[in-house]
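Trainee: Provided herewith is a single structure, encoded as structure tokens, for subsequent inquiry.
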Amino acid sequence: MEIFKSKIDGWLLAILIFAIVVSLVSAFAAAKQTNMIVTANTLILGAGLPLWLLIGTQYIVSAQQLKVRCGPFSWSIPLSSITSVSNTRNPLSSPALSLDRLEIKYGNGKSVMVSPAEKAAFREAIGHPEQ
């Protein structure tokens, strides 16, 4: 089993850190004026989710499958169902922290975009080396 971390674009890292800081400041301000439920929700959603995305975005390759994890979201893709892997900079939402992405097509017309920091090693691990 191999674990690949997502490449992280600096601009996205800055946005996520900004969101965490604003949420922390807001939560502490809210703690003085509202109840703890509002404060806890602000911390969990505003700071917890971006932190979970930063820490939890990874791609796990085993002998049989690719497991894509991005915070609370996950996909399991049988390696045998992968039909193509291509480079893309598509900005659509995906389990990737960079626009330097790979689009993986699998199954019956399904696809997912990922951004492994080590693209060549990742492609080798899933059995689709770059031509």
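Chain labels run A, B, ... following the order of the structure tokens; each chain numbers its residues from 1, and ligands are numbered from 1 in the order shown.
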Please identify the strand (DSSP E) residues within chain A (assignment by DSSP from backbone atoms) and present them as a PyMOL selection string.

Mentor: chain A and resi 2-5+58-61+65-70+73-78+82-88+101-106+110-114

Trainee: Which residues are near A:Ala121? Cut-off 10 Å, only C-alpha atoms, ignore same chain within fewer than 6 positions. Put them as a PyMOL selection string.

Mentor: chain A and resi 2+4+127-130

Trainee: Let's have the selection written as an mmCIF file, in the first residue's frame, with N, CA and C atoms.

Mentor:
data_model
loop_
_atom_site.group_PDB
_atom_site.id
_atom_site.type_symbol
_atom_site.label_atom_id
_atom_site.label_comp_id
_atom_site.auth_asym_id
_atom_site.auth_seq_id
_atom_site.Cartn_x
_atom_site.Cartn_y
_atom_site.Cartn_z
ATOM 1 N N GLU A 2 0.536 2.201 -0.870
ATOM 2 C CA GLU A 2 1.266 3.462 -0.949
ATOM 3 C C GLU A 2 0.309 4.615 -0.696
ATOM 4 N N PHE A 4 -0.176 8.714 -1.094
ATOM 5 C CA PHE A 4 0.281 9.908 -1.795
ATOM 6 C C PHE A 4 -0.469 11.112 -1.251
ATOM 7 N N GLY A 127 -0.891 1.868 -12.143
ATOM 8 C CA GLY A 127 -0.748 1.078 -13.362
ATOM 9 C C GLY A 127 -1.004 1.849 -14.654
ATOM 10 N N HIS A 128 -0.860 3.156 -14.605
ATOM 11 C CA HIS A 128 -1.042 3.981 -15.802
ATOM 12 C C HIS A 128 0.114 4.987 -15.914
ATOM 13 N N PRO A 129 1.312 4.457 -16.206
ATOM 14 C CA PRO A 129 2.466 5.367 -16.311
ATOM 15 C C PRO A 129 2.304 6.314 -17.496
ATOM 16 N N GLU A 130 2.959 7.466 -17.382
ATOM 17 C CA GLU A 130 2.883 8.452 -18.459
ATOM 18 C C GLU A 130 3.573 7.905 -19.700
#

Trainee: Of the candidates A:Leu102, A:Ser111, A:Leu54, A:Val21, which shows the shortest atom-to-atom distance to A:Trp75, using only C-alpha atoms?

Mentor: A:Ser111

Trainee: Here is a test: counting only C-alpha atoms, which residue of A:Ile82, A:Gly10, A:Ile3, A:Ala125 is nearest to A:Ser98?

Mentor: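 Closest to A:Ser98, using only C-alpha atoms: A:Gly10.
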
Trainee: Need the shell around A:Ala63: protein/DNA/RNA residues with any atom at most 9 Å away, counting only C-alpha atoms. Skip same-chain ones fewer than 6 positions apart. Format as a list in words?

Mentor: Met1, Leu79, Ala125 and Ile126 of chain A

Trainee: Output the selection as a PDB file, in the first residue's frame - N, CA and C atoms for each residue.

Mentor:
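again01.pdb was written with the following content:
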ATOM      1  N   MET A   1       0.845  -1.177   0.000  1.00  0.00           N
ATOM      2  CA  MET A   1       0.000   0.000   0.000  1.00  0.00           C
ATOM      3  C   MET A   1       0.893   1.244   0.000  1.00  0.00           C
ATOM      4  N   LEU A  79      -8.769  -0.524  -9.295  1.00  0.00           N
ATOM      5  CA  LEU A  79      -7.737  -0.205 -10.284  1.00  0.00           C
ATOM      6  C   LEU A  79      -8.081  -0.778 -11.656  1.00  0.00           C
ATOM      7  N   ALA A 125       1.989   3.635  -9.624  1.00  0.00           N
ATOM      8  CA  ALA A 125       1.299   2.841  -8.598  1.00  0.00           C
ATOM      9  C   ALA A 125      -0.088   2.387  -9.041  1.00  0.00           C
ATOM     10  N   ILE A 126      -0.789   3.213  -9.818  1.00  0.00           N
ATOM     11  CA  ILE A 126      -2.129   2.820 -10.272  1.00  0.00           C
ATOM     12  C   ILE A 126      -2.094   2.070 -11.599  1.00  0.00           C
TER      13      ILE A 126
END

Trainee: One decimal, in Å: what's the spacing between atom CA of A:Val68 and atom CA of A:Ala19?

Mentor: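 Separation of atom CA of A:Val68 and atom CA of A:Ala19: 23.9 Å.
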
Trainee: Per DSSP on the backbone, what are the helix (DSSP H, G or I) residues of chain A, as an MDAnalysis selection string?

Mentor: chainID A and resid 10:33 36:56 79:81 119:125

Trainee: Applying 8 Å and only C-alpha atoms, which residues near A:Phe28 remain after dropping the ones on its own chain fewer than 4 positions away? List them as a list in words.

Mentor: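 Selected residues are Leu24, Lys32 and Thr39 of chain A.
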
Trainee: Could you save the residues just selected, with N, CA and C atoms, as a compact mmCIF listing (two decimals), in the first residue's frame?

Mentor:
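What follows is the written file result_32.txt:
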# COMPACT_ATOMS: atom_id res chain seq x y z
N LEU A 24 -11.52 31.32 13.85
CA LEU A 24 -11.04 31.34 15.24
C LEU A 24 -11.36 32.68 15.89
N LYS A 32 -18.09 35.44 23.74
CA LYS A 32 -18.41 36.46 24.73
C LYS A 32 -19.86 36.91 24.66
N THR A 39 -20.56 29.03 19.22
CA THR A 39 -19.10 29.06 19.19
C THR A 39 -18.53 27.74 18.67

Trainee: Need to verify the contact set: A:Pro91, 10 Å, only C-alpha atoms, exclusion of same-chain residues closer than 6 positions in sequence. Can you return it as a list in words?

Mentor: Ser98, Leu99, Asp100, Arg101 and Met113 of chain A

Trainee: For A:Gly71, which of A:Ser93, A:Thr57, A:Ser23, A:Gln33 is the closest residue, counting only C-alpha atoms?

Mentor: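 Selected residue with least distance to A:Gly71: A:Thr57.
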
Trainee: Take atom CA of A:Ile17 and atom CA of A:Ala96 and report the distance between them in Å, one decimal.

Mentor: 16.3 Å

Trainee: Using only C-alpha atoms, which of the listed residues (A:Pro50, A:Leu97, A:Gly107, A:Ile60) sits closest to A:Ser80?

Mentor: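 Of the candidates, the smallest distance to A:Ser80 is held by A:Gly107.
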